[in-house]
Amino acid sequence: MKIQILCTKLIKPCLPTPPHLQHYKLSFFDQISEREHVSIVYFFRNSNNSNIDERLEQSLSKVLTHIYPAAGRYNDKDEYCSILCLDQGVSYTKAKVSCMLDNFFEKARNDLGLAALFRPHVNKNINETNFMVSPIVTIQVTKFECGGLAISISTSHPAMDGFSDFQFVFEWAKVCRMGTPIEEINFLSFDMGNIFQTRDISGIFKSTQVPTIQQDIVSKRFIIHEANMSRLRKKCIDESGGALTFQPSRVEVITALLWRALIRATANINGYFKPSLLDFPMNMRSKITFLPQVKNPMGNFMIGVPVKFIPGETKMELHHFIILIRNAVNKVIASCMKANSPDDIVSTLVNSYNESFRSPKWGGNEEVDKVMCTSVCRFPVHDSDFGLGKPNLIFFGMKDTQMFWLYDFGLEICVQMDLKEKCVPLFDRDDDIKDLTFICDAKL
């Protein structure tokens, strides 16, 4: 596949940002987020829309009038604690590829990582040096020979988290499909920086150096059918012998199963069980009842819930992993429910991180296996319809990090796994994975 770049331009808000909105404050949660771009690529078979190029650009310009910080740039005058919203624009690239979409789907069944080729090409030039002066949002629209489209969006994490990203794409798609007037576009709020103000973080987080290990990551995709999900949930409850006193959610069951399978695969490679730290990001927007204004803010508002597997102490039955995950999440939620101020929420996050991701024993220990499981179920991931129908394939792109991505795919759940190459064969042969009869890329 050869991708040819046709042009790159800046798409700006179709109305100028008013002076009183031109200095957007970042929040504490933005301040501590990773300095990286997070990419999503949507593939669509149907592009029988003669003016789709024009509609994509016009609707994007409309949406940027509302989500104006996305078209700005970080402000170096205040140590990048704000965004100057001077309508600088988002980077927008048009490209074409010498390949039929169905041919790409066939190749992606064996190597989903090929989807990374369709991420915005300008991101290849973004590094640690120029990260904070680069466009906050980069977009690339690539047309296949058959007319199919790959629409990719990459966002700067200190400005936008997953919730912001998916709402952005969903609303952009809706405006493109329906031609929504500008005055009716209103889906995010912009006051997180006033509620959770940036602060000097040098003294509140432990200075433990978290090791970064370069590793070859393989991406694969599985569909979990509803019938299999129901069977697995019932099996967990029956085999727990009453230990499960609650009805586990789909996400809890799948996360437990995937995590345990990865732990067993790693043990087969090493010859022994290693400690494992699961990072389970939790969207806080619906969890903070005393702050109703944070229901739909732009920016970052999540806490990574640490879940710890301790060899010899954590039992290996699946229901024990489910309970482990539920207890860890409930512990963080309980702390947030007791909070009476934004400072209390910050303290909950700092204490949790210093005990896990920032501690020498866990986050700073190379002998601890680390994996993240991000669930965006109930987010409008698969519902982004630009007038082309729902996407036939979605790909999430991060750097070299072991991850599981969970998202709704109709009535089923789709899993994208990004694992170390050496772990994949053993993970695939795990009894749980085989028993669940995953269907790889069944709907491509």
# chains A, B, ... in the order shown; residues from 1 in each chain; ligands from 1

call {"tool": "select_by_dssp", "arguments": {"residues": "range 205-291 of chain A", "states": "strand (DSSP E or B)", "output": "list of chain:residue names"}}
result
A:Ile217, A:Val218, A:Ser219, A:Lys220, A:Arg221, A:Phe222, A:Ile223, A:Ile224, A:Ser276, A:Leu277, A:Leu278, A:Asp279, A:Phe280, A:Pro281, A:Met282, A:Asn283

call {"tool": "residues_around", "arguments": {"residues": "Ala328 in chain A", "least_positions_apart": "5", "cutoff": "7 Å", "atoms": "only C-alpha atoms", "output": "ChimeraX atom specification"}}
result
/A:305-307

call {"tool": "write_last_selection", "arguments": {"atoms": "C-alpha atoms", "output": "PDB file, in the first residue's frame"}}
result
ATOM      1  CA  VAL A 305      -7.455   2.949  38.857  1.00  0.00           C
ATOM      2  CA  PRO A 306      -4.521   0.715  39.859  1.00  0.00           C
ATOM      3  CA  VAL A 307      -5.308  -3.008  40.195  1.00  0.00           C
TER       4      VAL A 307
END

call {"tool": "select_by_dssp", "arguments": {"residues": "range 235-374 of chain A", "states": "alpha helix (DSSP H)", "output": "ChimeraX atom specification"}}
result
/A:235-239,250-270,318-337,342-354

call {"tool": "write_last_selection", "arguments": {"atoms": "C-alpha atoms", "output": "compact mmCIF listing (two decimals), in the first residue's frame"}}
result
# COMPACT_ATOMS: atom_id res chain seq x y z
CA LYS A 235 -20.15 -19.44 34.40
CA CYS A 236 -18.26 -16.95 36.58
CA ILE A 237 -21.16 -16.63 38.99
CA ASP A 238 -21.76 -20.40 39.21
CA GLU A 239 -18.08 -21.27 39.71
CA ARG A 250 -19.50 -7.02 30.81
CA VAL A 251 -16.43 -4.81 31.14
CA GLU A 252 -15.41 -6.36 34.47
CA VAL A 253 -15.72 -9.91 33.12
CA ILE A 254 -13.84 -9.21 29.89
CA THR A 255 -11.11 -7.18 31.61
CA ALA A 256 -10.57 -9.94 34.17
CA LEU A 257 -10.41 -12.59 31.48
CA LEU A 258 -7.98 -10.69 29.28
CA TRP A 259 -5.73 -9.69 32.17
CA ARG A 260 -5.55 -13.23 33.57
CA ALA A 261 -4.79 -14.66 30.13
CA LEU A 262 -1.94 -12.16 29.71
CA ILE A 263 -0.55 -12.99 33.17
CA ARG A 264 -0.57 -16.69 32.33
CA ALA A 265 1.05 -16.07 28.93
CA THR A 266 3.81 -14.03 30.56
CA ALA A 267 4.33 -16.74 33.19
CA ASN A 268 4.82 -19.33 30.44
CA ILE A 269 7.51 -17.13 28.89
CA ASN A 270 9.34 -16.36 32.16
CA LEU A 318 -11.61 -15.68 37.26
CA HIS A 319 -14.06 -14.45 39.88
CA HIS A 320 -11.13 -13.41 42.09
CA PHE A 321 -9.88 -11.13 39.32
CA ILE A 322 -13.39 -9.69 38.90
CA ILE A 323 -13.58 -8.96 42.63
CA LEU A 324 -10.08 -7.46 42.55
CA ILE A 325 -11.11 -5.03 39.79
CA ARG A 326 -14.47 -4.17 41.42
CA ASN A 327 -12.83 -3.47 44.81
CA ALA A 328 -10.13 -1.25 43.30
CA VAL A 329 -12.69 0.81 41.38
CA ASN A 330 -15.01 1.06 44.38
CA LYS A 331 -12.14 2.26 46.56
CA VAL A 332 -11.47 5.20 44.24
CA ILE A 333 -15.18 5.97 43.82
CA ALA A 334 -15.71 5.93 47.59
CA SER A 335 -12.87 8.43 48.07
CA CYS A 336 -14.40 10.70 45.43
CA MET A 337 -17.86 10.42 46.95
CA PRO A 342 -11.80 19.90 43.98
CA ASP A 343 -8.74 19.71 46.26
CA ASP A 344 -10.14 16.51 47.78
CA ILE A 345 -10.41 14.96 44.30
CA VAL A 346 -6.83 15.94 43.53
CA SER A 347 -5.67 14.38 46.82
CA THR A 348 -7.43 11.13 45.93
CA LEU A 349 -5.61 10.99 42.61
CA VAL A 350 -2.20 11.92 44.07
CA ASN A 351 -2.44 9.36 46.88
CA SER A 352 -3.55 6.62 44.49
CA TYR A 353 -0.78 7.34 41.99
CA ASN A 354 1.94 7.60 44.64

call {"tool": "closest_residue", "arguments": {"among": "A:Gly241, A:Glu36, A:Val41, A:Ile182", "to": "Glu128 in chain A", "atoms": "only C-alpha atoms"}}
result
A:Glu36

call {"tool": "residues_around", "arguments": {"residues": "Lys96 in chain A", "least_positions_apart": "3", "cutoff": "6 Å", "atoms": "only C-alpha atoms", "output": "list in words"}}
result
Ile3, Gln4, Thr142, Lys143 and Phe144 of chain A

call {"tool": "closest_residue", "arguments": {"among": "A:Ser359, A:Lys62, A:Gly147, A:Gly162", "to": "Glu184 in chain A", "atoms": "only C-alpha atoms"}}
result
A:Lys62

call {"tool": "atom_distance", "arguments": {"atom1": "CA of Val122 in chain A", "atom2": "CA of Ile394 in chain A"}}
result
20.2 Å

call {"tool": "atom_distance", "arguments": {"atom1": "CA of Lys361 in chain A", "atom2": "CA of Leu426 in chain A"}}
result
27.1 Å

call {"tool": "residues_around", "arguments": {"residues": "Phe43 in chain A", "least_positions_apart": "2", "cutoff": "6 Å", "atoms": "only C-alpha atoms", "output": "ChimeraX atom specification"}}
result
/A:149-150,391-393

call {"tool": "residues_around", "arguments": {"residues": "Ile303 in chain A", "least_positions_apart": "3", "cutoff": "8 Å", "atoms": "only C-alpha atoms", "output": "list in words"}}
result
Pro281, Met282, Asn283, Met284 and Leu349 of chain A

call {"tool": "closest_residue", "arguments": {"among": "A:Asn228, A:Gln416, A:Ser27, A:Thr138", "to": "Ile83 in chain A", "atoms": "only C-alpha atoms"}}
result
A:Ser27

call {"tool": "residues_around", "arguments": {"residues": "range 106-114 of chain A", "least_positions_apart": "4", "cutoff": "9 Å", "atoms": "only C-alpha atoms", "output": "PyMOL selection string"}}
result
chain A and resi 101-102+118+217-221+395+397+416+418+440-441+444

call {"tool": "atom_distance", "arguments": {"atom1": "CA of Cys7 in chain A", "atom2": "CA of Pro120 in chain A"}}
result
11.9 Å

call {"tool": "closest_residue", "arguments": {"among": "A:Gly299, A:Gly387, A:Pro16, A:Gly410", "to": "Gln88 in chain A", "atoms": "only C-alpha atoms"}}
result
A:Pro16
